[in-house]
Every structure is written in C-alpha cells, then in structure tokens.
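Q: Got a structure for you, input_7.txt, holding compact mmCIF, C-alpha atoms.
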# COMPACT_ATOMS: atom_id res chain seq x y z
CA MET A 124 69.39 72.36 122.21
CA THR A 125 71.23 74.40 119.58
CA LEU A 126 75.00 74.19 119.27
CA VAL A 127 76.98 77.42 118.72
CA LEU A 128 80.47 77.21 117.20
CA SER A 129 82.99 80.06 117.30
CA PRO A 130 85.53 80.90 114.57
CA SER A 131 88.36 79.05 116.33
CA GLU A 132 86.15 76.02 116.86
CA VAL A 133 85.15 75.97 113.18
CA ARG A 134 88.85 76.08 112.20
CA GLN A 135 89.57 73.19 114.54
CA LEU A 136 86.71 71.09 113.21
CA LEU A 137 87.11 71.78 109.47
CA PRO A 138 90.62 71.01 108.16
CA MET A 139 91.21 72.04 104.56
CA ASP A 140 91.96 68.59 103.15
CA VAL A 141 88.75 67.21 104.63
CA CYS A 142 86.76 70.19 103.36
CA VAL A 143 88.03 69.62 99.81
CA ASP A 144 86.48 66.16 99.89
CA LEU A 145 83.27 67.60 101.36
CA MET A 146 83.00 70.14 98.53
CA GLU A 147 83.57 67.42 95.94
CA GLN A 148 80.71 65.41 97.42
CA ALA A 149 78.41 68.45 97.66
CA LEU A 150 79.04 69.57 94.07
CA ALA A 151 78.47 66.04 92.79
CA THR A 152 75.21 65.92 94.74
CA LEU A 153 74.16 69.20 93.10
CA GLY A 154 75.08 67.74 89.71
CA ARG A 155 72.77 64.77 90.37
CA GLY A 156 69.89 67.13 91.12
CA ASN A 157 69.72 66.08 94.78
CA ALA A 158 69.99 69.61 96.16
CA ILE A 159 68.09 72.89 96.25
CA ASN A 160 70.15 76.04 95.81
CA PRO A 161 68.08 79.19 95.09
CA LEU A 162 69.80 82.32 93.86
CA ARG A 163 71.07 84.40 96.76
CA ARG A 164 69.04 87.42 97.81
CA GLY A 165 70.59 90.70 98.84
CA MET A 166 69.32 93.85 100.48
CA LEU A 167 71.33 96.99 99.75
CA LEU A 168 71.75 99.29 102.74
CA PRO A 169 71.30 103.09 102.53
CA GLU A 170 74.12 105.06 100.85
CA ASN A 171 75.67 101.78 99.62
CA GLN A 172 77.14 101.19 103.05
CA GLY A 173 76.83 97.46 102.65
CA ILE A 174 74.64 94.47 101.78
CA LEU A 175 72.68 91.99 103.83
CA GLY A 176 72.72 88.71 101.92
CA MET A 177 70.74 85.52 102.41
CA MET A 178 71.67 82.11 100.96
CA PRO A 179 69.21 79.27 101.74
CA GLY A 180 69.68 75.72 100.60
CA TYR A 181 69.07 72.01 101.01
CA LEU A 182 71.57 69.23 100.40
CA GLY A 183 70.46 65.64 99.95
CA ALA A 184 73.83 63.97 100.65
CA PRO A 185 75.14 64.58 103.19
CA GLN A 186 71.71 65.74 104.28
CA ALA A 187 71.65 69.36 105.45
CA LEU A 188 69.10 72.17 105.60
CA GLY A 189 69.77 75.81 106.41
CA LEU A 190 71.00 79.15 105.24
CA LYS A 191 73.86 81.58 105.48
CA VAL A 192 73.11 85.17 106.46
CA VAL A 193 75.96 87.58 105.79
CA THR A 194 76.71 91.26 105.72
CA VAL A 195 79.25 92.67 103.29
CA PHE A 196 80.71 95.99 104.42
CA PRO A 197 83.50 97.09 102.04
CA GLY A 198 84.41 99.86 104.46
CA ASN A 199 85.79 97.23 106.81
CA HIS A 200 88.85 96.72 104.60
CA GLY A 201 91.89 97.91 106.50
CA THR A 202 90.15 97.69 109.88
CA GLU A 203 90.04 94.99 112.55
CA PHE A 204 86.82 93.62 111.02
CA ASP A 205 86.54 91.27 108.04
CA SER A 206 84.41 92.74 105.25
CA HIS A 207 82.18 89.63 105.38
CA GLN A 208 80.37 88.93 108.64
CA GLY A 209 77.59 86.48 109.39
CA ILE A 210 76.33 83.13 110.58
CA VAL A 211 75.42 79.77 109.09
CA LEU A 212 72.19 78.30 110.49
CA LEU A 213 71.58 74.56 110.37
CA PHE A 214 68.13 73.08 110.96
CA ASP A 215 67.25 69.48 111.79
CA THR A 216 65.92 67.93 108.59
CA ARG A 217 63.38 65.82 110.52
CA ASN A 218 61.60 68.52 112.49
CA GLY A 219 63.06 71.90 111.48
CA VAL A 220 64.47 72.63 114.93
CA PRO A 221 67.55 74.93 114.92
CA ALA A 222 70.47 72.53 115.25
CA ALA A 223 73.54 74.78 115.04
CA ILE A 224 74.81 78.31 114.57
CA LEU A 225 78.31 78.65 113.12
CA ASP A 226 80.54 81.63 112.40
CA ALA A 227 80.08 82.29 108.68
CA SER A 228 83.36 84.11 108.09
CA GLU A 229 85.37 81.03 108.99
CA VAL A 230 83.09 78.61 107.15
CA THR A 231 83.25 80.81 104.04
CA ALA A 232 87.03 81.21 104.18
CA ILE A 233 87.58 77.46 104.27
CA ARG A 234 84.83 76.16 101.98
CA THR A 235 85.44 78.75 99.23
CA ALA A 236 89.06 77.73 98.87
CA ALA A 237 88.16 74.05 99.18
CA ALA A 238 85.66 74.32 96.30
CA THR A 239 88.34 76.06 94.24
CA ALA A 240 90.66 73.17 95.03
CA VAL A 241 88.12 70.70 93.63
CA ALA A 242 87.98 72.68 90.37
CA THR A 243 91.77 72.98 90.30
CA ARG A 244 92.24 69.25 90.75
CA LEU A 245 89.93 68.66 87.77
CA LEU A 246 91.15 71.43 85.46
CA SER A 247 94.78 72.36 86.10
CA ARG A 248 97.73 70.45 84.68
CA GLU A 249 98.88 67.70 87.01
CA ASP A 250 102.44 69.04 86.89
CA ALA A 251 101.39 72.53 88.09
CA ARG A 252 103.97 73.83 90.54
CA VAL A 253 103.95 77.66 90.39
CA LEU A 254 101.05 79.56 91.95
CA ALA A 255 100.17 83.24 91.53
CA ILE A 256 97.92 84.82 94.15
CA ILE A 257 96.33 88.20 93.42
CA GLY A 258 95.22 89.62 96.76
CA SER A 259 96.61 89.22 100.28
CA GLY A 260 93.54 88.83 102.50
CA VAL A 261 91.61 85.95 104.05
CA GLN A 262 90.87 84.17 100.77
CA ALA A 263 94.44 84.58 99.57
CA ARG A 264 95.67 82.73 102.66
CA SER A 265 93.02 80.02 102.35
CA HIS A 266 93.79 79.50 98.67
CA VAL A 267 97.48 78.89 99.23
CA ALA A 268 96.53 76.13 101.68
CA ALA A 269 93.87 74.70 99.37
CA MET A 270 96.06 74.67 96.26
CA ARG A 271 98.72 72.75 98.17
CA VAL A 272 96.16 70.06 98.99
CA VAL A 273 95.57 69.21 95.32
CA ARG A 274 98.81 70.19 93.56
CA GLY A 275 102.51 70.02 94.46
CA ILE A 276 102.98 73.78 94.72
CA GLU A 277 106.66 74.64 95.09
CA HIS A 278 106.69 78.41 94.55
CA VAL A 279 104.17 81.21 95.09
CA ARG A 280 104.16 84.82 93.91
CA VAL A 281 101.74 87.28 95.52
CA TYR A 282 100.64 90.74 94.46
CA SER A 283 98.27 93.20 96.11
CA PRO A 284 98.27 96.99 95.77
CA THR A 285 99.40 97.67 99.35
CA ARG A 286 103.06 96.81 99.68
CA VAL A 287 103.07 96.18 103.42
CA ASN A 288 100.17 93.74 103.10
CA ARG A 289 101.72 91.65 100.35
CA GLU A 290 105.11 91.59 102.05
CA ARG A 291 103.56 90.51 105.35
CA PHE A 292 101.62 87.82 103.50
CA ALA A 293 104.78 86.54 101.81
CA VAL A 294 106.63 86.21 105.12
CA THR A 295 103.86 84.67 107.21
CA GLU A 296 102.59 82.22 104.58
CA SER A 297 106.09 81.15 103.58
CA GLU A 298 106.77 80.29 107.22
CA ARG A 299 103.41 78.54 107.52
CA HIS A 300 103.86 76.32 104.45
CA GLY A 301 107.63 76.01 104.22
CA ILE A 302 107.84 77.10 100.58
CA PRO A 303 109.20 80.29 98.96
CA ILE A 304 106.59 83.03 98.53
CA ASP A 305 107.70 86.19 96.75
CA SER A 306 106.05 89.59 97.04
CA VAL A 307 106.11 91.14 93.55
CA LEU A 308 105.43 94.60 92.14
CA SER A 309 102.63 93.90 89.65
CA VAL A 310 99.94 91.47 88.59
CA GLU A 311 101.91 90.82 85.41
CA GLU A 312 105.01 89.84 87.37
CA ALA A 313 102.98 87.52 89.58
CA VAL A 314 101.29 85.79 86.66
CA ALA A 315 104.25 85.40 84.29
CA GLY A 316 105.15 81.72 84.11
CA ALA A 317 102.52 80.67 86.67
CA ASP A 318 100.68 77.37 86.28
CA ILE A 319 97.74 78.36 88.50
CA VAL A 320 96.41 81.89 89.11
CA CYS A 321 93.93 82.73 91.89
CA THR A 322 92.29 86.16 91.95
CA THR A 323 91.05 86.76 95.50
CA THR A 324 90.48 90.52 95.55
CA SER A 325 87.72 92.98 96.41
CA ALA A 326 88.29 94.81 93.12
CA LYS A 327 85.36 96.25 91.19
CA GLU A 328 87.33 96.63 87.94
CA PRO A 329 89.53 94.03 86.19
CA VAL A 330 92.88 93.22 87.75
CA LEU A 331 93.77 90.30 85.47
CA ARG A 332 93.89 90.98 81.74
CA GLY A 333 93.84 88.62 78.82
CA ALA A 334 97.21 89.80 77.57
CA SER A 335 98.82 88.33 80.72
CA LEU A 336 97.51 84.80 80.21
CA GLU A 337 99.78 82.06 78.91
CA PRO A 338 99.04 78.66 77.35
CA GLY A 339 98.44 75.90 79.89
CA MET A 340 97.37 78.14 82.75
CA HIS A 341 94.45 77.47 85.03
CA ILE A 342 92.68 80.52 86.47
CA ASN A 343 90.46 80.61 89.56
CA ALA A 344 88.37 83.80 89.68
CA VAL A 345 87.14 84.02 93.26
CA GLY A 346 86.84 87.58 94.52
CA SER A 347 83.82 88.94 92.65
CA SER A 348 80.37 87.55 93.43
CA THR A 349 78.06 90.23 92.01
CA ARG A 350 76.94 91.16 88.50
CA THR A 351 78.39 94.70 88.82
CA THR A 352 82.01 93.78 89.66
CA ARG A 353 84.69 91.72 87.96
CA GLU A 354 88.35 90.74 88.36
CA LEU A 355 88.98 89.56 84.77
CA ASP A 356 88.65 91.70 81.68
CA THR A 357 86.68 90.61 78.63
CA GLU A 358 89.70 89.32 76.74
CA ALA A 359 90.74 87.10 79.66
CA VAL A 360 87.32 85.46 79.93
CA ALA A 361 87.06 85.02 76.16
CA ARG A 362 90.49 83.34 75.92
CA CYS A 363 89.60 80.68 78.49
CA ARG A 364 87.44 77.58 78.54
CA LEU A 365 85.00 78.53 81.30
CA PHE A 366 83.76 76.19 84.05
CA VAL A 367 81.43 77.22 86.87
CA ASP A 368 80.03 76.04 90.17
CA ARG A 369 76.48 76.56 88.87
CA ARG A 370 75.14 77.82 85.53
CA GLU A 371 72.09 79.63 86.91
CA SER A 372 74.21 81.56 89.39
CA THR A 373 76.74 82.49 86.70
CA LEU A 374 74.08 83.73 84.29
CA ASN A 375 72.56 85.94 86.98
CA GLU A 376 75.37 86.94 89.34
CA ALA A 377 78.83 86.65 87.76
CA GLY A 378 80.15 90.03 86.64
CA ASP A 379 83.24 88.39 85.13
CA PHE A 380 80.94 86.51 82.75
CA LEU A 381 78.20 89.12 82.30
CA PHE A 382 80.50 92.01 81.32
CA ALA A 383 82.19 89.86 78.68
CA LYS A 384 78.79 88.78 77.40
CA ALA A 385 77.57 92.39 77.26
CA ASP A 386 80.68 93.26 75.24
CA GLY A 387 79.62 90.65 72.66
CA ALA A 388 82.76 88.56 73.17
CA ILE A 389 81.00 85.45 74.47
CA GLY A 390 77.55 83.91 74.76
CA ASP A 391 75.91 81.62 77.28
CA ASP A 392 77.46 78.65 75.48
CA HIS A 393 80.89 79.84 76.62
CA ILE A 394 80.13 77.98 79.85
CA GLN A 395 81.60 74.54 79.22
CA ALA A 396 80.22 72.74 82.27
CA GLU A 397 79.50 72.84 85.97
CA ILE A 398 82.09 71.27 88.26
CA GLY A 399 79.47 68.73 89.35
CA GLU A 400 79.16 67.56 85.74
CA LEU A 401 82.90 66.99 85.56
CA LEU A 402 82.76 64.99 88.78
CA LEU A 403 79.95 62.84 87.40
CA GLY A 404 81.74 62.31 84.08
CA THR A 405 78.97 63.86 81.99
CA ALA A 406 81.24 66.65 80.68
CA ALA A 407 84.92 66.93 79.80
CA GLY A 408 87.41 69.23 81.47
CA ARG A 409 90.87 70.19 80.21
CA GLN A 410 91.49 68.94 76.66
CA SER A 411 95.20 69.72 76.27
CA ASP A 412 98.23 71.00 78.15
CA ARG A 413 98.13 74.27 76.21
CA GLU A 414 94.55 75.40 76.66
CA ILE A 415 93.70 77.97 79.33
CA THR A 416 90.97 76.94 81.76
CA LEU A 417 88.96 79.24 84.03
CA PHE A 418 86.87 78.37 87.07
CA LYS A 419 84.44 81.13 88.02
CA SER A 420 83.60 80.71 91.70
CA LEU A 421 80.50 82.40 93.08
CA GLY A 422 80.04 80.31 96.21
CA LEU A 423 76.91 78.28 96.87
CA ALA A 424 74.72 77.77 99.92
CA ILE A 425 75.11 74.00 99.60
CA GLU A 426 78.87 74.42 100.09
CA ASP A 427 78.26 76.25 103.36
CA LEU A 428 75.79 73.59 104.47
CA ALA A 429 78.09 70.67 103.67
CA ALA A 430 80.94 72.26 105.62
CA ALA A 431 78.72 73.32 108.52
CA ALA A 432 77.03 69.93 108.81
CA TYR A 433 80.39 68.17 109.02
CA ALA A 434 81.69 70.59 111.65
CA TYR A 435 78.47 70.22 113.63
CA GLN A 436 78.62 66.43 113.66
CA ARG A 437 82.28 66.43 114.70
CA ALA A 438 81.57 68.97 117.43
CA ARG A 439 78.80 66.81 118.90
CA VAL A 440 81.09 63.80 119.07
CA ALA A 441 83.99 65.78 120.55
CA GLY A 442 81.92 67.84 122.98
CA ILE A 443 83.01 71.12 121.38
CA GLY A 444 80.91 74.29 121.34
CA THR A 445 78.30 76.02 123.45
CA THR A 446 74.68 74.91 123.66
CA VAL A 447 71.70 77.21 123.97
CA ASP A 448 68.05 76.35 124.40
CA LEU A 449 66.35 77.37 121.14
CA GLY A 450 63.43 75.95 119.20
CA GLY A 451 59.67 75.98 119.48
CA LYS A 452 59.25 72.89 121.64
CA ARG A 453 56.03 72.75 123.64
CA GLU A 454 56.19 71.87 127.34
Rewrite the structure from the file as structure tokens, please.
A:
Amino acid sequence: MTLVLSPSEVRQLLPMDVCVDLMEQALATLGRGNAINPLRRGMLLPENQGILGMMPGYLGAPQALGLKVVTVFPGNHGTEFDSHQGIVLLFDTRNGVPAAILDASEVTAIRTAAATAVATRLLSREDARVLAIIGSGVQARSHVAAMRVVRGIEHVRVYSPTRVNRERFAVTESERHGIPIDSVLSVEEAVAGADIVCTTTSAKEPVLRGASLEPGMHINAVGSSTRTTRELDTEAVARCRLFVDRRESTLNEAGDFLFAKADGAIGDDHIQAEIGELLLGTAAGRQSDREITLFKSLGLAIEDLAAAAYAYQRARVAGIGTTVDLGGKRE
C-alpha cells in the first residue's frame, strides 16, 4: 500500500525545528559521499509557459530513495496557485515498491528554509538579531520561521515590489511570531543594518547589489535556481565568501554564481566549501565578525527525500494519510 499525504498533513508532520536537524543530517551524509544526487533535469514547455522538473536521489542515512517531480509556472504568481506544483515520490529501498506520495509544494517550502537555517547557524554571527527578507511569498514566510530556529531574531524588515503584499506579510507574520516586522520601501532600506539577509524572490535580474552589503552580514540567496536568473549582482557575489549546498549544482545551475563568473569577477575557487564539509569539520566557515558570508541555495533532491522520509515514518505511526493500492505485486 502507498501512503498519500496532503499539504496540511505534511505541515503537521514536519515542524521546522525538526526539519532543520533533518537537513543537517542529510547534508552531512552528502558530505561523506553516502548519497546520490544527480543534477536536476528540466523540460521547457512551449512558449516558455513553464518547466517540468525532475530531481531523483538516494540518501544513505536516513535511508531514502525517490524523486521530486515539479512544475514551475511563473504565470501563477498573483493567482490562487503557487508557482511550484508537484509531488515527492518515495520508494521502498528493499524492493522498489512505491511507499509514499507527498505534496511537493509543502515539502519544498519547509525543507528549503530548513537547509538555509543550517547554513545560517554555521555562517552567521551568533549575535545576529536583525533579519531582512526580500520577497513576501511562501519562502519568505518559511524563512522567517527558520531563521528564528537558529538565531535570536528580534526585528525583521521586509521588502517586495507590491506594497499590499509586503504590508500583509508584515502584519500576519508579526502576529504569528510575536516580533516587530516592518514593511519598507526599498531593498536598501530593508538591508541597511541587517545581520542576516534572505532573498526569496522570483526575480530574473539582481535585486540585491554589492553596494548595499555591510561588514559582518550573512546572505542567503534562495530564490533563483537556474543558470539564467539571479538575485545578486556580480559585485555582491564577489564581495562575499561563498558557500553552497553542492559544488556540482552550483557550477551548472546557479545563475548568481555563473553570471559573476562570466563577468570575470570570480572563478570556481570562489566557492569556499559545501555546507556538508563545514558540518564534517573538513572546511572552515566564517573567519571574522566583519567578513560577509553568502550561502547559495539551489535545493537538492536529498533534502526532499530526508524530509519526506521523516514525514512518512511519522504518518505511519500516527495513522495519518490516505492509502492507495499501488505497486507491481503479483497475485
């Protein structure tokens, strides 16, 4: 029998603080070489309407096998539908039988921010208190929650181009977390004096520029996951010490990195380390309170699998979800 979990069930089963620990374990497992994470494959739809993406993977600890299948439809922005839609498929590692189908939008929302939190715990200053969020969508909300898991955030400033969206975000998230969240008029105003900056936009061109960065900041670049889009300009990337979830993915998929490289400002050696290497102690993170660190998040299949496997196991114990009869079992 295959277990199907809805968005609300995934939220119930995958609290942010638990997911942060799951992402730490998964990234350390990747760093040890006990995982398989091929580059994602995408199929562009006619007239650039959207993309069908496939992200297979295998994780050795906790053991998980499967893939995420997603569609990205930018035209969904401003509608009732999230721009990212899809499912995470888990297979039994003993016999390959489909074990679970989970809503990918919810898994992605939680695990992306949780992975960012792991990087932030390793790279930001321990006394970081002021958070700037660029964007006001799903990932913006998740990142406020995730940053509060790993740092004592006391004040948040949010900017997005649509005033009503950023003001609504400020009100709802301030009530949710019980801390002041200010809607501001520009990226520069949001970033000034911030300890941590998270870019969580759907922008194709840079929204965060090097001139806005200040000593001691930690930047999480989250929104862009293709080689043709970026949120940070060349100067911003060049000014930072760069850390990534995975080198191979960055060298092939990260527009933030690839545009700066094409401009001649950086080379491949600008990548300091993978987060898994920091977790294993084979590479060093922040070196001083004044340097600017940057985590470039692309999102990895193993992160989806770690989150999905945990939710699946909890659901089985709690009797949550709907079962369907799938799998090629002979009578």
Q: Neighbouring residues of Gly301 (chain A) were defined as those with any atom within 12 Å, considering only C-alpha atoms; residues of the same chain fewer than 4 positions away were excluded. Please report them as a short mmCIF file (atom, residue, chain, number, x, y, z; two decimals) with C-alpha atoms, keeping the file's coordinate frame.
A:
data_model
loop_
_atom_site.label_atom_id
_atom_site.label_comp_id
_atom_site.auth_asym_id
_atom_site.auth_seq_id
_atom_site.Cartn_x
_atom_site.Cartn_y
_atom_site.Cartn_z
CA VAL A 267 97.48 78.89 99.23
CA ALA A 268 96.53 76.13 101.68
CA ARG A 271 98.72 72.75 98.17
CA ILE A 276 102.98 73.78 94.72
CA GLU A 277 106.66 74.64 95.09
CA HIS A 278 106.69 78.41 94.55
CA VAL A 279 104.17 81.21 95.09
CA ALA A 293 104.78 86.54 101.81
CA VAL A 294 106.63 86.21 105.12
CA THR A 295 103.86 84.67 107.21
CA GLU A 296 102.59 82.22 104.58
CA SER A 297 106.09 81.15 103.58
#
Q: Give me, as a PyMOL selection string, all polymer residues having an atom no more than 10 Å from Asp412 (chain A), counting all atoms listed in the file and skipping those fewer than 2 positions away in the same chain.
A: chain A and resi 247-250+338-340+409-410+414-415
Q: To one decimal place in Å, what is the distance between CA of Val253 (chain A) and CA of Asp318 (chain A)?
A: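 CA of Asp318 (chain A) lies 5.3 Å from CA of Val253 (chain A).
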Q: Mind dumping a table of every region 307-330 of chain A residue within 12 Å of region 174-197 of chain A, with the nearest atom pair and its distance in Å to one decimal, using all atoms listed in the file, sorted by chain and rising number, as a Markdown table?
A:
| residue | atom | partner | partner_atom | distance |
| --- | --- | --- | --- | --- |
| A:Thr324 | CA | A:Pro197 | CA | 11.6 |
| A:Ser325 | CA | A:Pro197 | CA | 8.1 |
| A:Ala326 | CA | A:Pro197 | CA | 10.4 |
| A:Lys327 | CA | A:Pro197 | CA | 11.0 |
Q: Using Å and a single decimal, report how far CA of Leu153 (chain A) sits from CA of Met166 (chain A).
A: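 Result for CA of Met166 (chain A) versus CA of Leu153 (chain A): 26.2 Å, one decimal.
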Q: CA of Glu203 (chain A) and CA of Thr323 (chain A) are how many Å apart?
A: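 Computing the Euclidean distance for CA of Glu203 (chain A) and CA of Thr323 (chain A) yields 19.0 Å.
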Q: Could you list, with a cut-off of 7 Å and counting only C-alpha atoms, the residues of region 181-290 of chain A near region 145-149 of chain A, each shown with its nearest atom pair and the distance in Å rounded to one decimal, rows sorted by chain and ascending number, as a Markdown table?
A:
| residue | atom | partner | partner_atom | distance |
| --- | --- | --- | --- | --- |
| A:Ala237 | CA | A:Met146 | CA | 6.5 |
| A:Ala238 | CA | A:Met146 | CA | 5.4 |
| A:Val241 | CA | A:Glu147 | CA | 6.1 |
Q: Go through A:Ser309, A:Thr216, A:Gln208, A:Ser259 one by one, measure the shortest atom-to-atom distance of each to Arg289 (chain A) using only C-alpha atoms, and give the residue with the smallest value.
A: A:Ser259
Q: Which is closest to Arg362 (chain A) among A:Ser335, A:Thr231, A:Thr202, A:Asn375, if we use only C-alpha atoms?
A: A:Ser335
Q: List as a list in words the protein and nucleic acid residues near Phe418 (chain A), meaning an atom at most 9 Å away when all atoms listed in the file are counted, but skip any in the same chain fewer than 6 places from it.
A: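 What passes the distance filter is Thr239, Ala242, Thr243, Leu246, His341, Ile342, Asn343, Ala344, Val345, Arg364, Leu365, Phe366, Val367, Asp368 and Ile398 of chain A.
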Q: Restricting the calculation to all atoms listed in the file, which member of A:Gly387, A:Gly444, A:Gly198, A:Gly316 is positioned closest to Ala255 (chain A)?
A: A:Gly316
Q: Which residues are close to Thr373 (chain A), i.e. within 10 Å by all atoms listed in the file, leaving aside same-chain residues fewer than 2 positions away? Reply as a ChimeraX atom specification.
A: /A:162,348-350,366-371,375-381,391,394,419-421
